[in-house]
$ cat target30.txt   # compact mmCIF, C-alpha atoms
# COMPACT_ATOMS: atom_id res chain seq x y z
CA MET A 664 60.17 39.59 66.91
CA ALA A 665 60.98 42.42 64.53
CA ARG A 666 61.26 45.89 66.02
CA THR A 667 58.40 48.29 65.41
CA ARG A 668 58.67 50.38 62.29
CA PRO A 669 60.19 53.84 62.98
CA GLU A 670 57.82 56.78 62.76
CA PRO A 671 58.03 58.92 59.62
CA MET A 672 60.55 61.75 60.05
CA GLN A 673 57.94 64.50 59.60
CA VAL A 674 55.86 63.10 62.46
CA VAL A 675 58.85 63.09 64.80
CA LYS A 676 59.98 66.59 63.80
CA GLN A 677 56.52 68.06 63.96
CA ARG A 678 55.92 66.68 67.45
CA ARG A 679 59.25 67.88 68.82
CA ASP A 680 59.10 71.30 67.20
CA ALA A 681 55.52 71.88 68.37
CA ALA A 682 56.48 70.95 71.94
CA LEU A 683 59.57 73.18 71.91
CA ASN A 684 57.61 76.05 70.42
CA ALA A 685 54.94 75.71 73.12
CA LEU A 686 57.61 75.70 75.83
CA VAL A 687 59.33 78.83 74.49
CA SER A 688 56.58 80.96 72.96
CA GLY A 689 54.42 80.86 76.08
CA VAL A 690 56.93 82.95 78.03
CA PRO A 691 56.52 86.73 77.54
CA PHE A 692 60.05 87.53 78.78
CA ILE A 693 61.63 85.20 76.18
CA ARG A 694 59.71 87.05 73.46
CA PHE A 695 60.75 90.39 75.00
CA LEU A 696 64.43 89.46 74.60
CA ASN A 697 63.70 87.68 71.29
CA ILE A 698 65.48 84.47 72.29
CA THR A 699 64.83 81.50 69.99
CA PHE A 700 66.02 77.91 70.10
CA ASP A 701 67.63 75.74 67.42
CA ARG A 702 66.97 72.04 67.88
CA ARG A 703 69.00 69.10 66.58
CA GLY A 704 67.48 65.92 67.99
CA ASP A 705 67.17 66.65 71.68
CA GLU A 706 70.05 69.14 71.66
CA LEU A 707 69.10 72.82 72.00
CA THR A 708 71.05 75.98 71.21
CA GLY A 709 69.68 79.27 72.48
CA VAL A 710 69.94 82.21 70.07
CA LEU A 711 69.86 85.79 71.35
CA ASN A 712 68.70 87.70 68.27
CA PHE A 713 70.43 91.06 68.45
CA ASP A 714 68.46 94.27 68.82
CA ASP A 715 69.52 97.78 69.87
CA LYS A 716 67.41 97.55 73.02
CA LEU A 717 69.82 94.86 74.34
CA ILE A 718 72.67 97.39 74.54
CA GLY A 719 74.08 98.17 77.99
CA ASN A 720 76.95 100.47 77.10
CA PRO A 721 76.07 102.65 74.12
CA PHE A 722 79.65 103.99 73.77
CA LEU A 723 81.41 100.67 73.13
CA PRO A 724 78.69 99.46 72.21
CA ALA A 725 78.19 96.22 74.16
CA ILE A 726 75.31 93.93 75.15
CA HIS A 727 74.00 94.65 78.66
CA GLY A 728 75.44 92.30 81.29
CA GLY A 729 71.92 91.77 82.59
CA VAL A 730 70.79 90.63 79.14
CA THR A 731 73.61 88.10 79.08
CA ALA A 732 72.62 86.90 82.54
CA ALA A 733 68.99 86.57 81.45
CA PHE A 734 69.99 84.81 78.21
CA LEU A 735 72.06 82.22 80.10
CA GLU A 736 69.29 81.68 82.63
CA VAL A 737 66.59 81.31 79.98
CA THR A 738 68.76 78.80 78.10
CA ALA A 739 69.36 76.84 81.32
CA VAL A 740 65.67 76.76 82.29
CA ILE A 741 64.43 75.82 78.81
CA THR A 742 67.10 73.12 78.36
CA LEU A 743 66.26 71.71 81.78
CA SER A 744 62.49 71.79 81.15
CA TRP A 745 63.00 70.23 77.73
CA ALA A 746 65.08 67.38 79.16
CA HIS A 747 62.58 66.95 81.99
CA LEU A 748 59.59 66.67 79.61
CA PHE A 749 61.27 64.98 76.63
CA GLU A 750 60.25 61.40 77.48
CA ARG A 751 56.63 62.44 78.02
CA ILE A 752 56.60 64.41 74.75
CA GLU A 753 58.07 61.44 72.86
CA SER A 754 55.63 58.93 74.34
CA GLY A 755 52.70 61.14 73.43
CA ASP A 756 51.76 61.42 77.12
CA LEU A 757 52.20 65.20 76.95
CA ALA A 758 50.62 67.11 74.07
CA PRO A 759 52.23 70.41 72.99
CA GLU A 760 49.03 72.37 73.74
CA ASP A 761 49.10 71.07 77.33
CA ILE A 762 52.48 72.74 77.83
CA LEU A 763 50.80 76.09 77.16
CA THR A 764 47.48 75.56 78.88
CA ASP A 765 47.82 72.98 81.68
CA GLU A 766 47.43 74.85 84.96
CA ASN A 767 49.61 72.30 86.73
CA MET A 768 52.60 72.71 84.40
CA ARG A 769 55.49 74.42 86.15
CA PHE A 770 59.00 75.40 85.13
CA PRO A 771 62.06 74.59 87.25
CA LYS A 772 62.62 77.43 89.73
CA THR A 773 66.01 79.11 89.87
CA ILE A 774 67.61 78.82 93.31
CA ASP A 775 70.82 80.63 92.38
CA PHE A 776 72.71 81.61 89.27
CA THR A 777 76.33 82.74 88.84
CA ILE A 778 77.63 84.43 85.72
CA ASP A 779 81.26 84.91 84.64
CA TYR A 780 81.67 87.68 82.12
CA LEU A 781 84.64 86.67 80.00
CA ARG A 782 84.48 89.20 77.15
CA SER A 783 82.23 92.10 76.34
CA GLY A 784 79.18 91.10 74.32
CA LEU A 785 79.48 92.46 70.79
CA PRO A 786 76.45 94.06 69.13
CA ARG A 787 75.44 90.96 67.20
CA ASP A 788 73.67 87.60 67.79
CA ALA A 789 74.85 85.36 70.62
CA TYR A 790 74.46 81.62 71.15
CA ALA A 791 74.22 79.53 74.30
CA ARG A 792 74.13 75.89 75.21
CA ALA A 793 73.30 74.42 78.61
CA TYR A 794 74.65 71.15 80.01
CA ILE A 795 72.81 69.42 82.81
CA SER A 796 75.49 68.33 85.26
CA ARG A 797 73.03 66.66 87.59
CA ALA A 798 69.29 66.28 87.38
CA GLY A 799 67.91 64.93 90.63
CA ARG A 800 64.29 64.56 91.61
CA ARG A 801 64.32 67.79 93.60
CA TYR A 802 67.44 69.70 92.55
CA ALA A 803 69.33 70.17 89.32
CA SER A 804 72.71 71.71 88.57
CA VAL A 805 73.22 73.24 85.14
CA ARG A 806 76.26 74.76 83.40
CA VAL A 807 75.75 77.18 80.49
CA GLU A 808 78.18 78.64 77.98
CA ALA A 809 77.63 81.49 75.54
CA TRP A 810 79.60 82.60 72.53
CA GLN A 811 79.32 84.83 69.50
CA ASP A 812 81.80 84.35 66.64
CA HIS A 813 83.75 81.32 67.84
CA HIS A 814 82.34 78.60 70.04
CA ASP A 815 85.74 78.12 71.68
CA LYS A 816 85.93 81.81 72.64
CA LEU A 817 83.13 82.05 75.20
CA TYR A 818 81.93 85.53 76.07
CA ALA A 819 80.13 84.33 79.21
CA GLN A 820 79.55 81.20 81.22
CA GLY A 821 77.29 80.41 84.11
CA THR A 822 76.20 77.81 86.64
CA GLY A 823 72.82 77.57 88.25
CA HIS A 824 70.89 75.45 90.69
CA PHE A 825 67.23 74.75 90.16
CA LEU A 826 64.32 73.36 92.12
CA MET A 827 62.50 70.86 89.90
CA PRO A 828 58.71 70.95 89.58
CA GLN A 829 57.26 68.11 91.62
CA ASP A 830 55.33 65.57 89.54
CA PRO A 831 51.62 65.58 90.33
CA GLY A 832 51.52 62.29 92.23
CA PRO A 833 50.71 58.86 90.74
CA GLU A 834 49.02 58.57 87.32
CA SER A 835 45.37 59.52 87.54
CA MET B 622 81.38 114.91 93.35
CA THR B 623 77.83 115.93 92.51
CA ASP B 624 78.99 116.17 88.90
CA LYS B 625 79.95 112.51 88.97
CA VAL B 626 76.59 111.54 90.46
CA LYS B 627 74.86 113.55 87.76
CA LEU B 628 77.05 111.90 85.12
CA ALA B 629 76.31 108.42 86.47
CA ARG B 630 72.58 109.20 86.49
CA GLN B 631 72.71 110.41 82.89
CA PHE B 632 74.77 107.40 81.87
CA ILE B 633 72.33 104.93 83.39
CA GLN B 634 69.34 106.67 81.89
CA ALA B 635 71.03 106.50 78.47
CA ILE B 636 71.33 102.69 78.61
CA PRO B 637 68.97 101.32 75.95
CA HIS B 638 68.26 98.13 77.86
CA ALA B 639 67.53 100.03 81.09
CA LYS B 640 64.94 102.00 79.12
CA ALA B 641 63.50 98.80 77.64
CA LEU B 642 63.05 97.35 81.14
CA GLY B 643 61.53 100.63 82.40
CA LEU B 644 64.22 101.09 85.06
CA GLU B 645 64.12 104.25 87.16
CA LEU B 646 67.13 105.38 89.16
CA THR B 647 65.70 106.60 92.46
CA TYR B 648 68.92 107.15 94.40
CA ILE B 649 72.63 107.30 93.63
CA GLY B 650 75.68 108.50 95.56
CA GLN B 651 78.62 107.47 97.76
CA GLY B 652 78.79 103.92 96.42
CA GLU B 653 75.08 103.24 96.77
CA ALA B 654 72.31 103.08 94.20
CA GLU B 655 68.61 102.31 94.16
CA ILE B 656 66.67 101.35 91.05
CA SER B 657 63.01 100.48 90.66
CA MET B 658 61.24 98.53 87.92
CA PRO B 659 57.45 98.89 87.59
CA TYR B 660 55.47 95.71 86.90
CA ASN B 661 55.35 94.99 83.16
CA ALA B 662 53.48 92.05 81.59
CA GLU B 663 56.21 91.77 78.90
CA LEU B 664 58.70 90.66 81.57
CA VAL B 665 56.61 87.78 82.90
CA GLY B 666 58.33 84.39 83.16
CA ASP B 667 55.25 82.17 83.56
CA PRO B 668 51.93 83.47 82.18
CA ARG B 669 50.03 81.13 84.52
CA THR B 670 51.31 82.96 87.59
CA GLY B 671 52.18 86.42 86.19
CA VAL B 672 55.48 86.35 88.09
CA ILE B 673 58.33 88.46 86.62
CA HIS B 674 61.12 86.33 85.07
CA GLY B 675 64.25 85.93 87.18
CA GLY B 676 66.28 87.16 84.20
CA ALA B 677 64.63 90.59 84.39
CA VAL B 678 65.49 90.77 88.10
CA SER B 679 69.08 89.75 87.24
CA ALA B 680 69.30 92.54 84.67
CA MET B 681 68.17 95.19 87.14
CA LEU B 682 70.47 93.84 89.88
CA ASP B 683 73.41 94.03 87.44
CA THR B 684 72.53 97.60 86.44
CA CYS B 685 72.10 98.67 90.06
CA CYS B 686 75.45 97.13 91.10
CA GLY B 687 77.20 98.92 88.21
CA ALA B 688 75.60 102.22 89.22
CA ALA B 689 76.78 101.75 92.83
CA VAL B 690 80.36 101.22 91.63
CA MET B 691 80.32 104.31 89.41
CA SER B 692 79.02 106.47 92.26
CA HIS B 693 81.77 105.37 94.69
CA PRO B 694 84.05 108.26 95.67
CA SER B 695 87.16 106.19 94.75
CA ALA B 696 85.90 105.03 91.33
CA PRO B 697 87.56 107.00 88.55
CA GLY B 698 85.05 106.19 85.81
CA GLY B 699 83.25 103.31 84.19
CA THR B 700 82.87 99.70 85.21
CA ALA B 701 82.05 96.26 83.82
CA THR B 702 80.81 93.11 85.54
CA ILE B 703 83.44 90.44 86.22
CA ASP B 704 81.05 88.07 87.93
CA LEU B 705 77.66 88.18 89.55
CA ARG B 706 75.91 85.63 91.73
CA ILE B 707 72.20 85.89 92.26
CA ASP B 708 70.15 84.06 94.89
CA TYR B 709 66.40 83.89 94.34
CA MET B 710 64.54 83.75 97.65
CA ARG B 711 60.97 83.93 96.39
CA ALA B 712 58.77 84.96 93.47
CA ALA B 713 58.07 88.69 93.24
CA THR B 714 54.37 89.41 93.82
CA PRO B 715 52.65 90.04 90.45
CA GLY B 716 51.59 93.64 89.94
CA GLN B 717 54.16 95.11 92.32
CA THR B 718 57.17 97.29 91.55
CA ILE B 719 60.53 95.65 92.24
CA THR B 720 63.20 97.79 93.90
CA THR B 721 66.90 96.98 94.13
CA ARG B 722 69.45 98.61 96.38
CA ALA B 723 73.16 98.03 95.78
CA THR B 724 76.16 98.90 97.94
CA CYS B 725 79.75 98.99 96.73
CA HIS B 726 81.26 97.92 100.07
CA HIS B 727 84.91 97.67 99.02
CA ILE B 728 86.96 99.03 96.17
CA THR B 729 90.61 98.62 95.12
CA ARG B 730 92.46 100.12 92.16
CA ASN B 731 91.21 97.29 89.95
CA VAL B 732 88.20 95.63 91.54
CA ALA B 733 84.97 96.78 93.17
CA PHE B 734 82.92 94.45 95.40
CA VAL B 735 79.19 94.93 95.47
CA ARG B 736 76.13 93.53 97.24
CA ALA B 737 72.52 94.13 96.29
CA VAL B 738 69.03 93.26 97.48
CA ALA B 739 65.78 93.21 95.49
CA THR B 740 62.38 93.56 97.18
CA ASP B 741 58.77 94.20 96.24
CA ASP B 742 56.15 95.93 98.48
CA ASP B 743 56.98 93.50 101.30
CA THR B 744 60.38 95.05 102.01
CA ASP B 745 61.17 92.69 104.90
CA ARG B 746 61.36 89.60 102.68
CA PRO B 747 63.92 89.93 99.86
CA VAL B 748 62.95 88.62 96.42
CA ALA B 749 66.60 88.16 95.45
CA THR B 750 70.10 89.12 96.53
CA ALA B 751 73.24 89.55 94.46
CA ALA B 752 76.97 89.63 95.13
CA GLY B 753 79.44 90.57 92.45
CA ALA B 754 82.88 91.77 91.46
CA PHE B 755 83.23 94.63 88.98
CA THR B 756 86.17 96.15 87.11
CA VAL B 757 87.39 99.63 87.98
CA GLU B 758 88.09 101.41 84.70
CA GLY B 759 90.44 104.38 84.50
CA ARG B 760 89.52 107.50 82.64

$ encode --input "target30.txt" --output "structure tokens"
Amino acid sequence: MARTRPEPMQVVKQRRDAALNALVSGVPFIRFLNITFDRRGDELTGVLNFDDKLIGNPFLPAIHGGVTAAFLEVTAVITLSWAHLFERIESGDLAPEDILTDENMRFPKTIDFTIDYLRSGLPRDAYARAYISRAGRRYASVRVEAWQDHHDKLYAQGTGHFLMPQDPGPES
Amino acid sequence: MTDKVKLARQFIQAIPHAKALGLELTYIGQGEAEISMPYNAELVGDPRTGVIHGGAVSAMLDTCCGAAVMSHPSAPGGTATIDLRIDYMRAATPGQTITTRATCHHITRNVAFVRAVATDDDTDRPVATAAGAFTVEGR
């Protein structure tokens, strides 16, 4: 039996981008910091779009450590949510609009988060990528790295533990 | 001494991101600092619940810890975060102001150790706690 014909590229891209956009744009705090996400397949890169209001030390100047912490945490939570929902988005079981409106949709909850500040954040865009070290049914462990000019010169890294949203029982 | 407290207060109030978050320094001195953040819909993490995003709490904890270091009698000047660990105990109640209190409990020539607690109106049940190490910058 021949395999089923692959979907047209536009259909795949449109579905994934709509789902990602719903996941990100629904969160006021992500808009407040103006964090966006680049997507290549299922791989996400967080982008912290620089603005003067992100400055922590106006004399250097440098990005606020709290902004960096928030950026890493947002990237971790979105990457984890994305991975958690990806199969359901792909199968068509979860429509992008449901991500925004479904009252039962929940994000993973941060249990703890640790940030290493390796260099001061320069007043320009920053990038972050999260790697899911372990995704269990209840708990997940995620590592995040952030850089600016060179990916191999990280300016911050972090690790966090998350409580996963519990699936709403058997299919209804 | 009071000059340094005044300086630290001015410095914190000049931080653009502290202004953006609406942070208010309510106490500073002798290695301790207290900062409050009024509820702001822009900082919400999940619009379905109205709960403030953990990242906003992290940012205020970081600011508060830095302020505590700068106000310590043995700190010569500025500081930067080396590392910060945050534990989230519960969601902050929507609509309530979040208050953080940080203590710089130990300081050496190079490193300052800080602890902080964040609460909302229910001050007996912390929203989050933080523990961090900060640099001690010379003048």

$ closest_residue --input "target30.txt" --among "B:Arg722, B:His693, B:His638, B:His727" --to "chain A" --atoms "only C-alpha atoms"
B:His638

$ interface_residues --input "target30.txt" --of "chain A" --to "chain B" --cutoff "10 Å" --atoms "all atoms listed in the file" --output "short mmCIF file (atom, residue, chain, number, x, y, z; two decimals) with C-alpha atoms, in the coordinates of the input"
data_model
loop_
_atom_site.label_atom_id
_atom_site.label_comp_id
_atom_site.auth_asym_id
_atom_site.auth_seq_id
_atom_site.Cartn_x
_atom_site.Cartn_y
_atom_site.Cartn_z
CA GLY A 689 54.42 80.86 76.08
CA VAL A 690 56.93 82.95 78.03
CA PRO A 691 56.52 86.73 77.54
CA PHE A 692 60.05 87.53 78.78
CA ILE A 693 61.63 85.20 76.18
CA ARG A 694 59.71 87.05 73.46
CA PHE A 695 60.75 90.39 75.00
CA LEU A 696 64.43 89.46 74.60
CA ASP A 714 68.46 94.27 68.82
CA ASP A 715 69.52 97.78 69.87
CA LYS A 716 67.41 97.55 73.02
CA LEU A 717 69.82 94.86 74.34
CA ILE A 718 72.67 97.39 74.54
CA GLY A 719 74.08 98.17 77.99
CA ASN A 720 76.95 100.47 77.10
CA PRO A 721 76.07 102.65 74.12
CA PHE A 722 79.65 103.99 73.77
CA ILE A 726 75.31 93.93 75.15
CA HIS A 727 74.00 94.65 78.66
CA GLY A 728 75.44 92.30 81.29
CA GLY A 729 71.92 91.77 82.59
CA VAL A 730 70.79 90.63 79.14
CA THR A 731 73.61 88.10 79.08
CA ALA A 732 72.62 86.90 82.54
CA ALA A 733 68.99 86.57 81.45
CA PHE A 734 69.99 84.81 78.21
CA LEU A 735 72.06 82.22 80.10
CA GLU A 736 69.29 81.68 82.63
CA VAL A 737 66.59 81.31 79.98
CA LEU A 763 50.80 76.09 77.16
CA THR A 764 47.48 75.56 78.88
CA ASP A 765 47.82 72.98 81.68
CA GLU A 766 47.43 74.85 84.96
CA ASN A 767 49.61 72.30 86.73
CA MET A 768 52.60 72.71 84.40
CA ARG A 769 55.49 74.42 86.15
CA PHE A 770 59.00 75.40 85.13
CA LYS A 772 62.62 77.43 89.73
CA THR A 773 66.01 79.11 89.87
CA ILE A 774 67.61 78.82 93.31
CA ASP A 775 70.82 80.63 92.38
CA PHE A 776 72.71 81.61 89.27
CA THR A 777 76.33 82.74 88.84
CA ILE A 778 77.63 84.43 85.72
CA ASP A 779 81.26 84.91 84.64
CA TYR A 780 81.67 87.68 82.12
CA LEU A 781 84.64 86.67 80.00
CA ARG A 782 84.48 89.20 77.15
CA SER A 783 82.23 92.10 76.34
CA ALA A 819 80.13 84.33 79.21
CA GLN A 820 79.55 81.20 81.22
CA GLY A 821 77.29 80.41 84.11
CA THR A 822 76.20 77.81 86.64
CA GLY A 823 72.82 77.57 88.25
CA HIS A 824 70.89 75.45 90.69
#

$ atom_distance --input "target30.txt" --atom1 "CA of Ser692 in chain B" --atom2 "CA of Arg787 in chain A"
29.7 Å

$ residues_near_point --input "target30.txt" --point "(79.4, 77.8, 77.1)" --cutoff "7 Å" --atoms "all atoms listed in the file" --output "PyMOL selection string"
chain A and resi 791-792+807-810+817+819-820

$ residues_around --input "target30.txt" --residues "Ile795 in chain A" --least-positions-apart "5" --cutoff "8 Å" --atoms "all atoms listed in the file" --output "mmCIF file with C-alpha atoms, keeping the file's coordinate frame"
data_model
loop_
_atom_site.group_PDB
_atom_site.id
_atom_site.type_symbol
_atom_site.label_atom_id
_atom_site.label_comp_id
_atom_site.auth_asym_id
_atom_site.auth_seq_id
_atom_site.Cartn_x
_atom_site.Cartn_y
_atom_site.Cartn_z
ATOM 1 C CA LEU A 743 66.260 71.710 81.780
ATOM 2 C CA ALA A 803 69.330 70.170 89.320
ATOM 3 C CA SER A 804 72.710 71.710 88.570
ATOM 4 C CA VAL A 805 73.220 73.240 85.140
ATOM 5 C CA ARG A 806 76.260 74.760 83.400
#

$ closest_residue --input "target30.txt" --among "B:Val748, B:Leu646, B:Ala737, B:Met691" --to "Gln717 in chain B" --atoms "all atoms listed in the file"
B:Val748

$ atom_distance --input "target30.txt" --atom1 "CA of Val690 in chain B" --atom2 "CA of Glu758 in chain B"
10.4 Å

$ closest_residue --input "target30.txt" --among "B:Thr724, B:Val757, B:Thr718, B:Thr700" --to "Gln651 in chain B" --atoms "all atoms listed in the file"
B:Thr724

$ decode --input "target30.txt" --residues "range 746-777 of chain A" --atoms "N, CA and C atoms" --output "short mmCIF file (atom, residue, chain, number, x, y, z; two decimals), in the first residue's frame"
data_model
loop_
_atom_site.label_atom_id
_atom_site.label_comp_id
_atom_site.auth_asym_id
_atom_site.auth_seq_id
_atom_site.Cartn_x
_atom_site.Cartn_y
_atom_site.Cartn_z
N ALA A 746 5.92 21.52 22.56
CA ALA A 746 6.23 20.10 22.44
C ALA A 746 5.08 19.24 22.96
N HIS A 747 4.47 19.73 24.03
CA HIS A 747 3.36 19.01 24.67
C HIS A 747 2.15 18.94 23.75
N LEU A 748 1.90 20.02 22.98
CA LEU A 748 0.69 20.10 22.15
C LEU A 748 0.93 19.70 20.69
N PHE A 749 2.22 19.56 20.31
CA PHE A 749 2.55 19.42 18.89
C PHE A 749 1.79 18.29 18.19
N GLU A 750 1.73 17.11 18.83
CA GLU A 750 1.05 15.97 18.20
C GLU A 750 -0.42 16.28 17.95
N ARG A 751 -1.04 16.95 18.94
CA ARG A 751 -2.48 17.26 18.82
C ARG A 751 -2.72 18.34 17.77
N ILE A 752 -1.75 19.25 17.61
CA ILE A 752 -1.87 20.29 16.58
C ILE A 752 -1.74 19.64 15.21
N GLU A 753 -0.77 18.74 15.09
CA GLU A 753 -0.50 18.07 13.81
C GLU A 753 -1.66 17.16 13.38
N SER A 754 -2.28 16.50 14.34
CA SER A 754 -3.36 15.57 13.99
C SER A 754 -4.66 16.31 13.71
N GLY A 755 -4.68 17.60 14.02
CA GLY A 755 -5.91 18.37 13.79
C GLY A 755 -6.87 18.28 14.97
N ASP A 756 -6.45 17.56 16.03
CA ASP A 756 -7.27 17.38 17.22
C ASP A 756 -7.43 18.70 17.98
N LEU A 757 -6.39 19.54 17.87
CA LEU A 757 -6.41 20.84 18.57
C LEU A 757 -6.34 21.97 17.54
N ALA A 758 -7.37 22.77 17.49
CA ALA A 758 -7.40 23.90 16.55
C ALA A 758 -6.74 25.10 17.20
N PRO A 759 -6.02 25.93 16.39
CA PRO A 759 -5.32 27.09 16.96
C PRO A 759 -6.22 27.97 17.83
N GLU A 760 -7.49 28.17 17.39
CA GLU A 760 -8.36 29.07 18.16
C GLU A 760 -8.68 28.49 19.55
N ASP A 761 -8.65 27.14 19.66
CA ASP A 761 -8.90 26.52 20.97
C ASP A 761 -7.79 26.87 21.97
N ILE A 762 -6.56 27.05 21.45
CA ILE A 762 -5.44 27.36 22.33
C ILE A 762 -5.73 28.68 23.04
N LEU A 763 -6.36 29.61 22.32
CA LEU A 763 -6.66 30.92 22.89
C LEU A 763 -7.91 30.93 23.76
N THR A 764 -8.90 30.12 23.37
CA THR A 764 -10.21 30.29 24.01
C THR A 764 -10.61 29.17 24.96
N ASP A 765 -10.08 27.96 24.77
CA ASP A 765 -10.51 26.83 25.60
C ASP A 765 -10.20 27.09 27.07
N GLU A 766 -11.26 27.06 27.88
CA GLU A 766 -11.11 27.36 29.31
C GLU A 766 -10.27 26.30 30.03
N ASN A 767 -10.19 25.12 29.44
CA ASN A 767 -9.46 24.04 30.11
C ASN A 767 -7.98 23.99 29.75
N MET A 768 -7.57 24.83 28.77
CA MET A 768 -6.17 24.85 28.36
C MET A 768 -5.33 25.45 29.48
N ARG A 769 -4.25 24.79 29.83
CA ARG A 769 -3.37 25.33 30.85
C ARG A 769 -1.92 25.21 30.39
N PHE A 770 -1.10 26.16 30.85
CA PHE A 770 0.33 26.09 30.57
C PHE A 770 1.01 25.26 31.65
N PRO A 771 2.22 24.74 31.36
CA PRO A 771 2.99 24.10 32.44
C PRO A 771 3.27 25.16 33.51
N LYS A 772 3.27 24.74 34.77
CA LYS A 772 3.53 25.69 35.86
C LYS A 772 4.98 25.57 36.30
N THR A 773 5.64 26.71 36.46
CA THR A 773 7.03 26.68 36.91
C THR A 773 7.09 26.28 38.38
N ILE A 774 7.91 25.28 38.68
CA ILE A 774 8.14 24.88 40.07
C ILE A 774 9.34 25.67 40.59
N ASP A 775 10.43 25.63 39.83
CA ASP A 775 11.61 26.42 40.18
C ASP A 775 12.39 26.73 38.91
N PHE A 776 13.20 27.77 39.01
CA PHE A 776 13.98 28.20 37.85
C PHE A 776 15.30 28.78 38.36
N THR A 777 16.40 28.37 37.76
CA THR A 777 17.72 28.86 38.17
C THR A 777 18.42 29.48 36.97
#
